[in-house]
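Raw contents of input_4.csv, CSV, C-alpha atoms:
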```
chain,number,residue,atom,x,y,z
T,1,MET,CA,8.6,-16.1,-19.0
T,2,THR,CA,6.5,-17.6,-21.7
T,3,ASN,CA,3.6,-18.4,-19.4
T,4,ARG,CA,3.4,-15.5,-17.0
T,5,ASP,CA,0.4,-16.8,-15.1
T,6,SER,CA,2.4,-19.7,-13.8
T,7,HIS,CA,5.2,-17.4,-12.5
T,8,VAL,CA,5.2,-15.7,-9.2
T,9,ALA,CA,6.4,-12.2,-10.0
T,10,ASP,CA,3.4,-10.6,-8.2
T,11,ASP,CA,4.4,-12.3,-4.9
T,12,LEU,CA,8.1,-11.5,-4.9
T,13,THR,CA,7.9,-8.2,-3.1
T,14,ALA,CA,5.7,-9.7,-0.4
T,15,LEU,CA,8.1,-12.6,-0.1
T,16,LEU,CA,11.0,-10.3,0.5
T,17,ASP,CA,9.0,-8.4,3.0
T,18,GLY,CA,8.1,-11.5,4.9
T,19,ALA,CA,4.4,-10.8,4.2
T,20,LEU,CA,3.4,-14.0,2.5
T,21,PRO,CA,1.3,-16.6,4.4
T,22,GLY,CA,3.0,-19.9,5.0
T,23,GLN,CA,1.5,-22.0,2.3
T,24,ARG,CA,1.9,-19.4,-0.4
T,25,ARG,CA,5.4,-18.7,0.7
T,26,ALA,CA,6.2,-22.4,0.3
T,27,GLU,CA,4.7,-22.4,-3.2
T,28,VAL,CA,6.6,-19.3,-4.3
T,29,GLU,CA,9.9,-20.7,-2.9
T,30,ALA,CA,9.3,-24.0,-4.7
T,31,HIS,CA,8.7,-22.1,-7.9
T,32,LEU,CA,11.8,-20.0,-7.4
T,33,ALA,CA,13.9,-23.2,-7.0
T,34,GLY,CA,13.2,-24.1,-10.6
T,35,CYS,CA,12.7,-20.7,-12.3
T,36,ALA,CA,15.8,-18.7,-13.2
T,37,GLY,CA,13.7,-15.8,-14.5
T,38,CYS,CA,11.8,-15.3,-11.3
T,39,ARG,CA,14.9,-15.7,-9.2
T,40,ALA,CA,16.5,-12.9,-11.3
T,41,GLU,CA,13.5,-10.7,-10.7
T,42,ARG,CA,13.6,-11.4,-7.0
T,43,ASP,CA,17.2,-10.5,-6.9
T,44,ARG,CA,16.6,-7.3,-8.8
T,45,ILE,CA,14.0,-6.2,-6.4
T,46,ALA,CA,16.1,-7.2,-3.4
T,47,ARG,CA,19.1,-5.1,-4.7
T,48,ALA,CA,16.8,-2.1,-5.2
T,49,LEU,CA,15.5,-2.4,-1.6
T,50,ALA,CA,19.1,-2.8,-0.3
T,51,SER,CA,20.1,0.4,-2.2
T,52,LEU,CA,17.6,2.4,-0.1
T,53,ALA,CA,19.7,1.7,2.9
T,54,ALA,CA,22.3,4.1,1.5
T,55,LEU,CA,19.9,7.0,1.7
T,56,PRO,CA,20.9,9.8,4.0
T,57,ALA,CA,18.7,10.4,7.0
T,58,PRO,CA,16.1,13.1,6.5
T,59,ALA,CA,17.4,16.7,7.1
T,60,PRO,CA,16.3,17.9,10.5
T,61,PRO,CA,13.9,20.9,10.7
T,62,PRO,CA,15.4,24.3,11.3
T,63,PRO,CA,15.9,25.3,14.9
T,64,GLY,CA,12.7,26.4,16.7
T,65,PHE,CA,10.6,23.6,15.2
T,66,GLU,CA,8.7,22.8,18.4
T,67,GLN,CA,8.4,26.5,19.4
T,68,ARG,CA,6.9,27.4,16.1
T,69,PHE,CA,4.3,24.7,16.4
T,70,PHE,CA,3.3,25.5,19.9
T,71,ALA,CA,3.0,29.2,19.0
T,72,ARG,CA,0.7,28.3,16.2
T,73,LEU,CA,-1.3,25.9,18.4
T,74,ALA,CA,-1.7,28.7,20.9
T,75,ARG,CA,-3.0,31.0,18.2
T,76,GLU,CA,-5.3,28.6,16.4
T,77,ALA,CA,-6.7,26.1,18.9
T,78,PRO,CA,-8.5,28.7,21.1
T,79,ARG,CA,-10.0,30.2,18.0
T,80,ARG,CA,-11.4,26.9,16.9
T,81,ARG,CA,-12.8,26.3,20.3
T,82,SER,CA,-14.1,29.8,20.5
T,83,LEU,CA,-16.2,29.4,17.3
T,84,LEU,CA,-17.6,26.2,18.6
T,85,ASP,CA,-18.4,27.7,22.0
T,86,ARG,CA,-20.2,30.5,20.3
T,87,LEU,CA,-22.2,27.9,18.3
T,88,VAL,CA,-23.2,25.8,21.3
T,89,ASP,CA,-23.9,28.8,23.6
T,90,ARG,CA,-26.6,30.1,21.3
T,91,PRO,CA,-30.2,28.8,21.7
T,92,LEU,CA,-30.3,26.0,19.3
T,93,ARG,CA,-33.9,25.0,19.1
T,94,TRP,CA,-34.7,27.2,16.1
T,95,LEU,CA,-31.8,25.5,14.2
T,96,VAL,CA,-33.8,22.3,13.9
T,97,PRO,CA,-36.4,23.8,11.5
T,98,ALA,CA,-33.8,25.8,9.7
T,99,THR,CA,-31.7,22.7,9.1
T,100,ALA,CA,-34.8,20.8,8.0
T,101,VAL,CA,-35.7,23.5,5.5
T,102,ALA,CA,-32.1,23.6,4.1
T,103,ALA,CA,-32.0,19.8,3.8
T,104,LEU,CA,-35.4,19.7,2.0
T,105,LEU,CA,-34.3,22.5,-0.3
T,106,VAL,CA,-31.1,20.8,-1.3
T,107,ALA,CA,-32.7,17.4,-1.5
T,108,GLY,CA,-35.4,18.9,-3.8
T,109,ILE,CA,-32.9,20.4,-6.1
T,110,SER,CA,-30.9,17.2,-6.2
T,111,PHE,CA,-33.9,15.0,-7.1
T,112,ARG,CA,-35.3,17.3,-9.7
T,113,HIS,CA,-31.9,17.5,-11.5
T,114,ALA,CA,-30.6,14.1,-10.7
T,115,ASP,CA,-28.6,14.0,-13.9
T,116,ASP,CA,-26.9,17.3,-13.0
T,117,ARG,CA,-23.5,16.5,-11.7
T,118,ALA,CA,-23.2,19.7,-9.7
T,119,ASP,CA,-26.4,19.0,-7.8
T,120,LEU,CA,-25.4,15.4,-7.1
T,121,GLU,CA,-22.1,16.8,-5.7
T,122,MET,CA,-24.1,19.1,-3.5
T,123,ALA,CA,-26.3,16.3,-2.3
T,124,ARG,CA,-23.2,14.3,-1.4
T,125,HIS,CA,-22.1,17.1,0.8
T,126,LEU,CA,-25.4,17.7,2.4
T,127,ASP,CA,-24.0,17.5,5.9
T,128,LEU,CA,-21.4,20.1,5.3
T,129,LEU,CA,-23.9,22.4,3.6
T,130,GLU,CA,-26.2,22.1,6.5
T,131,SER,CA,-23.3,23.1,8.8
T,132,TYR,CA,-22.6,26.2,6.6
T,133,VAL,CA,-26.3,27.1,6.6
T,134,GLU,CA,-26.5,26.9,10.4
T,135,VAL,CA,-23.3,28.8,11.0
T,136,ALA,CA,-23.9,31.4,8.4
T,137,SER,CA,-27.3,32.1,9.8
T,138,LEU,CA,-25.7,32.9,13.1
T,139,ASP,CA,-23.4,35.5,11.5
T,140,LEU,CA,-20.4,33.7,13.0
T,141,VAL,CA,-18.5,33.2,9.7
T,142,GLU,CA,-16.3,36.2,9.6
T,143,THR,CA,-13.0,35.1,8.3
T,144,PRO,CA,-11.4,32.3,6.1
T,145,GLU,CA,-10.3,30.7,9.4
T,146,ASP,CA,-14.0,30.5,10.4
T,147,VAL,CA,-14.8,28.7,7.1
T,148,ASP,CA,-12.0,26.3,7.9
T,149,VAL,CA,-13.4,25.6,11.3
T,150,VAL,CA,-16.8,24.9,9.8
T,151,SER,CA,-15.3,22.4,7.4
T,152,HIS,CA,-13.9,20.6,10.4
T,153,LEU,CA,-16.9,20.9,12.7
T,154,ASP,CA,-17.2,17.1,12.9
T,155,GLU,CA,-13.7,17.1,14.5
T,156,LEU,CA,-14.7,19.4,17.3
T,157,LYS,CA,-16.7,18.6,20.4
T,158,ALA,CA,-18.2,20.7,23.0
T,159,GLY,CA,-16.5,20.6,26.3
T,160,ARG,CA,-13.0,19.9,25.1
T,161,PRO,CA,-10.4,21.6,27.3
E,1,MET,CA,0.0,-6.4,21.8
E,2,ALA,CA,2.6,-4.5,23.9
E,3,PRO,CA,1.3,-1.5,25.7
E,4,ASP,CA,1.6,1.6,23.5
E,5,PRO,CA,2.9,4.5,25.7
E,6,ASP,CA,1.8,7.0,23.0
E,7,ALA,CA,-1.7,5.6,23.3
E,8,ALA,CA,-1.6,6.3,27.0
E,9,LEU,CA,-0.5,9.8,26.3
E,10,MET,CA,-3.3,10.3,23.8
E,11,VAL,CA,-5.8,9.0,26.4
E,12,ALA,CA,-4.4,11.5,28.9
E,13,PHE,CA,-4.8,14.2,26.4
E,14,GLN,CA,-8.4,13.1,25.8
E,15,GLY,CA,-8.8,13.7,29.5
E,16,GLY,CA,-7.5,17.2,29.3
E,17,ASP,CA,-3.8,16.8,29.8
E,18,GLU,CA,-2.2,19.3,27.4
E,19,ALA,CA,1.3,18.3,28.5
E,20,ALA,CA,0.6,14.8,27.2
E,21,PHE,CA,-0.1,16.3,23.8
E,22,ARG,CA,3.1,18.3,24.0
E,23,THR,CA,5.0,15.1,24.6
E,24,LEU,CA,3.4,13.5,21.6
E,25,PHE,CA,4.5,16.3,19.4
E,26,GLU,CA,8.0,16.3,20.8
E,27,ARG,CA,8.2,12.5,20.1
E,28,HIS,CA,6.6,12.5,16.7
E,29,GLY,CA,6.6,16.0,15.2
E,30,ARG,CA,10.0,15.7,13.5
E,31,ALA,CA,9.3,12.3,12.0
E,32,THR,CA,5.9,13.6,10.8
E,33,MET,CA,7.7,16.4,9.0
E,34,ALA,CA,10.1,14.0,7.4
E,35,PHE,CA,7.1,11.8,6.4
E,36,CYS,CA,5.4,14.9,4.8
E,37,ASN,CA,8.5,15.8,3.0
E,38,ARG,CA,8.4,12.5,1.1
E,39,PHE,CA,5.3,13.8,-0.5
E,40,VAL,CA,6.0,17.5,-1.1
E,41,ARG,CA,9.8,17.6,-1.3
E,42,ASN,CA,9.9,21.0,0.3
E,43,GLY,CA,11.2,21.4,3.8
E,44,ALA,CA,9.2,24.6,4.7
E,45,ARG,CA,6.0,23.2,3.3
E,46,ALA,CA,6.6,19.8,5.0
E,47,GLU,CA,6.9,21.7,8.3
E,48,GLU,CA,3.6,23.4,7.7
E,49,LEU,CA,1.9,20.1,6.8
E,50,ALA,CA,3.3,18.5,10.0
E,51,GLN,CA,1.9,21.4,12.0
E,52,ASP,CA,-1.5,21.0,10.2
E,53,VAL,CA,-1.4,17.3,11.1
E,54,PHE,CA,-0.9,17.9,14.8
E,55,LEU,CA,-3.5,20.7,14.8
E,56,LYS,CA,-6.0,18.1,13.3
E,57,LEU,CA,-4.8,15.6,15.9
E,58,HIS,CA,-5.4,18.2,18.6
E,59,GLY,CA,-8.9,18.9,17.3
E,60,SER,CA,-9.9,15.3,16.7
E,61,ALA,CA,-8.5,13.6,19.7
E,62,ASP,CA,-11.9,12.4,20.7
E,63,ARG,CA,-12.0,10.2,17.7
E,64,TYR,CA,-9.0,8.2,18.8
E,65,GLN,CA,-9.8,4.7,20.1
E,66,PRO,CA,-7.1,3.4,22.5
E,67,SER,CA,-7.4,0.0,20.8
E,68,ALA,CA,-5.5,1.4,17.8
E,69,ARG,CA,-1.9,2.2,17.8
E,70,PHE,CA,-1.3,5.9,18.2
E,71,THR,CA,1.1,6.0,15.2
E,72,THR,CA,-1.5,4.3,13.0
E,73,PHE,CA,-3.9,7.1,13.9
E,74,LEU,CA,-1.2,9.7,13.3
E,75,TYR,CA,-0.1,8.2,9.9
E,76,ARG,CA,-3.7,8.1,8.8
E,77,ILE,CA,-4.2,11.8,9.4
E,78,ALA,CA,-0.8,12.6,7.9
E,79,THR,CA,-1.3,10.5,4.8
E,80,ASN,CA,-4.7,11.9,4.1
E,81,HIS,CA,-3.5,15.4,4.6
E,82,CYS,CA,-0.4,14.9,2.3
E,83,LEU,CA,-2.5,13.2,-0.4
E,84,ASN,CA,-5.0,16.1,-0.3
E,85,GLU,CA,-2.1,18.5,-0.6
E,86,LEU,CA,-0.8,16.6,-3.7
E,87,ARG,CA,-4.3,16.8,-5.2
E,88,ARG,CA,-4.1,20.6,-5.1
E,89,GLY,CA,-2.0,20.1,-8.2
E,90,GLU,CA,0.9,22.4,-7.7
E,91,TYR,CA,3.3,19.5,-7.0
E,92,GLN,CA,2.5,17.6,-10.2
E,93,ALA,CA,4.1,20.3,-12.3
E,94,ARG,CA,7.0,20.6,-9.9
E,95,PRO,CA,10.2,19.9,-11.7
E,96,GLU,CA,12.6,17.3,-10.4
E,97,ILE,CA,15.1,18.7,-7.9
E,98,ASP,CA,17.9,20.6,-9.5
E,99,PRO,CA,21.2,19.4,-8.0
E,100,GLU,CA,22.3,23.0,-8.1
E,101,SER,CA,19.3,24.3,-6.2
E,102,GLU,CA,19.1,24.9,-2.5
E,103,GLU,CA,17.1,21.6,-2.0
E,104,GLY,CA,19.8,19.7,-3.9
E,105,ALA,CA,22.5,21.1,-1.7
E,106,PRO,CA,24.2,18.7,0.6
E,107,LEU,CA,22.2,17.9,3.7
E,108,ASP,CA,23.2,18.7,7.2
E,109,PRO,CA,26.2,16.4,7.8
E,110,ASP,CA,24.8,15.7,11.3
E,111,ALA,CA,21.8,14.1,9.5
E,112,LEU,CA,23.9,11.7,7.5
E,113,PRO,CA,23.9,8.1,8.6
E,114,GLY,CA,26.7,7.5,11.1
E,115,THR,CA,29.4,10.0,11.7
E,116,SER,CA,32.0,8.6,9.4
E,117,ALA,CA,30.4,9.3,6.0
E,118,THR,CA,33.1,10.6,3.7
E,119,PRO,CA,32.3,13.5,1.3
E,120,GLU,CA,32.1,10.9,-1.5
E,121,GLU,CA,29.6,8.8,0.5
E,122,ALA,CA,27.6,11.9,1.3
E,123,ALA,CA,27.5,13.0,-2.3
E,124,ARG,CA,26.5,9.6,-3.4
E,125,GLY,CA,23.8,9.5,-0.8
E,126,ASN,CA,22.4,12.8,-1.9
E,127,ALA,CA,22.4,11.8,-5.5
E,128,LEU,CA,20.5,8.6,-4.6
E,129,ALA,CA,18.0,10.7,-2.6
E,130,ARG,CA,17.3,12.9,-5.6
E,131,ASP,CA,16.7,9.8,-7.8
E,132,VAL,CA,14.4,8.3,-5.1
E,133,GLU,CA,12.5,11.6,-4.8
E,134,ALA,CA,12.0,11.8,-8.6
E,135,MET,CA,10.9,8.1,-8.6
E,136,LEU,CA,8.3,8.8,-5.8
E,137,ALA,CA,7.0,11.9,-7.7
E,138,ARG,CA,6.2,9.7,-10.7
E,139,LEU,CA,4.2,7.1,-8.7
E,140,PRO,CA,0.4,7.2,-8.5
E,141,GLU,CA,-0.6,8.6,-5.1
E,142,SER,CA,-1.8,5.4,-3.6
E,143,GLN,CA,1.4,3.6,-4.6
E,144,ARG,CA,3.4,6.4,-3.3
E,145,ALA,CA,1.7,6.4,0.1
E,146,ALA,CA,2.1,2.6,0.4
E,147,PHE,CA,5.7,2.7,-0.7
E,148,VAL,CA,6.6,5.5,1.8
E,149,LEU,CA,4.8,3.7,4.6
E,150,ALA,CA,6.5,0.4,3.9
E,151,ARG,CA,10.0,1.4,2.9
E,152,PHE,CA,10.7,4.5,5.0
E,153,GLU,CA,8.3,4.1,7.9
E,154,GLY,CA,8.7,0.3,8.1
E,155,LEU,CA,5.0,-0.4,8.6
E,156,PRO,CA,3.8,-4.0,8.1
E,157,TYR,CA,1.2,-4.5,5.4
E,158,GLU,CA,-1.6,-4.9,8.0
E,159,GLU,CA,-0.9,-1.5,9.5
E,160,ILE,CA,-0.6,0.1,6.1
E,161,ALA,CA,-4.0,-1.2,5.2
E,162,GLN,CA,-5.4,0.4,8.4
E,163,VAL,CA,-3.7,3.7,7.5
E,164,LEU,CA,-5.0,3.7,3.9
E,165,GLY,CA,-8.4,2.3,4.8
E,166,THR,CA,-8.0,-0.6,2.4
E,167,THR,CA,-7.3,-4.4,2.5
E,168,VAL,CA,-4.0,-6.2,3.0
E,169,PRO,CA,-4.2,-7.8,-0.6
E,170,SER,CA,-4.6,-4.3,-2.0
E,171,VAL,CA,-1.6,-3.1,0.0
E,172,LYS,CA,0.4,-6.0,-1.2
E,173,SER,CA,-0.4,-5.0,-4.8
E,174,LEU,CA,0.3,-1.3,-4.2
E,175,VAL,CA,3.6,-2.0,-2.5
E,176,HIS,CA,4.7,-4.5,-5.2
E,177,ARG,CA,3.9,-2.2,-8.1
E,178,ALA,CA,5.7,0.7,-6.5
E,179,THR,CA,8.7,-1.5,-5.6
E,180,VAL,CA,9.0,-2.8,-9.2
E,181,SER,CA,8.9,0.8,-10.4
E,182,ALA,CA,11.6,1.6,-7.8
E,183,ALA,CA,13.7,-1.3,-8.9
E,184,ARG,CA,13.6,-0.1,-12.5
E,185,ALA,CA,14.4,3.5,-11.5
E,186,LEU,CA,17.2,2.6,-9.1
E,187,GLU,CA,18.8,0.0,-11.3
E,188,PRO,CA,22.0,2.2,-11.6
E,189,TRP,CA,22.3,2.2,-7.8
E,190,SER,CA,21.6,-1.4,-7.2
E,191,GLY,CA,23.4,-3.3,-10.0
E,192,GLU,CA,26.8,-4.8,-9.8
E,193,GLY,CA,28.0,-1.8,-11.8
E,194,ALA,CA,26.6,0.8,-9.4
E,195,ALA,CA,28.8,3.8,-9.0
E,196,SER,CA,30.9,3.7,-5.9
```

Represent the structure of the file as structure tokens.
Amino acid sequence: MTNRDSHVADDLTALLDGALPGQRRAEVEAHLAGCAGCRAERDRIARALASLAALPAPAPPPPGFEQRFFARLAREAPRRRSLLDRLVDRPLRWLVPATAVAALLVAGISFRHADDRADLEMARHLDLLESYVEVASLDLVETPEDVDVVSHLDELKAGRP
Amino acid sequence: MAPDPDAALMVAFQGGDEAAFRTLFERHGRATMAFCNRFVRNGARAEELAQDVFLKLHGSADRYQPSARFTTFLYRIATNHCLNELRRGEYQARPEIDPESEEGAPLDPDALPGTSATPEEAARGNALARDVEAMLARLPESQRAAFVLARFEGLPYEEIAQVLGTTVPSVKSLVHRATVSAARALEPWSGEGAAS
């Protein structure tokens, strides 16, 4: 391949996967008809893909796979909901000024030290920090699991069964 | 698009039907573990990761939009979780699987393709699996994810783009570069002189 730009190597995998749009497919096939180098590369890729068919199926999980998951779900899902319930059951109106103060504090730090990478990182995670501030102020963060729940607060919603 | 029965189950779960969630795990839990194992090459850890994925699914069901295929939603959670796991670093230093180790031991014969695999075919399949796993471990994470989704999960480029949150042209490039690397690594298995 002396003039690589005129070859079609970058399209060969998509061609074999049937993922090229019609016009481009026709162009690539026309090129292949006259280019032994690209045909050889296409065939090399095709042989490699065919070899994957000889892979054994994945090993099955050990017995009890489903039971272990549902036991863990029973342990952890109620706890996640419990923390959320405790959060939403508290009077929330004082959280608004607390959140605002925390946000202003972090924003102030970030703007004064805009060239400080650590502060910029903190600013990028302002939402998460606010969540920590709110929850920590409620004395609800007791265990590492609670910290994990806080980091996933956005995935939880009140009223879920 | 044909109706997605899993999407219907997810909608039922959104409505509070825990049995629907149970059915989703029974349908997809094992495949999710196999998917995770492509990233971490450790059965016990892959099971934990699959559990994590379904716990996240359980907790974030309200985010699911029925217009999306359920498996796309599931793959997105699983891929992000596995890539985050890889970023923890411990897997980068993980040595290639030793054929003499427990993980290199022959797989459950029941898991081999078909029921007529001879011991020689089984041994050849296991050796190929080790080479593929080593090849995957050397790929950059985005290429690895795209390759696994395309080659082992059989997803079209459009769906891979949705899972990875990128464009179809980007997926095309990722899959191609990974496949070229695979072709190079698997040359001994794919040439005319491949061991038989």

Atomic separation - atom CA of Gln23 of chain T relative to atom CA of Glu159 of chain E, Å:
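Interatomic distance here is 21.9 Å.
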
Given a cut-off of 7 Å, which residues of chain T touch chain E, counting only C-alpha atoms, written out as a PyMOL selection string?
chain T and resi 10+13-14+44-45+47-48+51+54-60+66+69+73+155-156+161

Length of the atom CA of Asp4 of chain E to atom CA of Tyr75 of chain E vector [Å]:
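Separation of atom CA of Asp4 of chain E and atom CA of Tyr75 of chain E: 15.2 Å.
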
Can you tell me, as a list in words, what residues are no more than 8 Å from His81 of chain E when counting all atoms listed in the file, ignoring any on the same chain fewer than 4 positions away?
Leu49, Val53, Ile77 and Glu85 of chain E

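One distance worth recording is that between atom CA of Phe73 of chain E and atom CA of Leu86 of chain E, which is 20.2 Å.
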
Taking (-3.4, 4.6, 28.2) in the file's coordinates, which residues come within 12 Å, counting only C-alpha atoms, written as an MDAnalysis selection string?
chainID E and resid 2:15 20 64:70

Which residue of T:Phe70, T:Gly22, T:Asp11, T:Ala77 approaches Thr23 of chain E most closely, using all atoms listed in the file:
T:Phe70
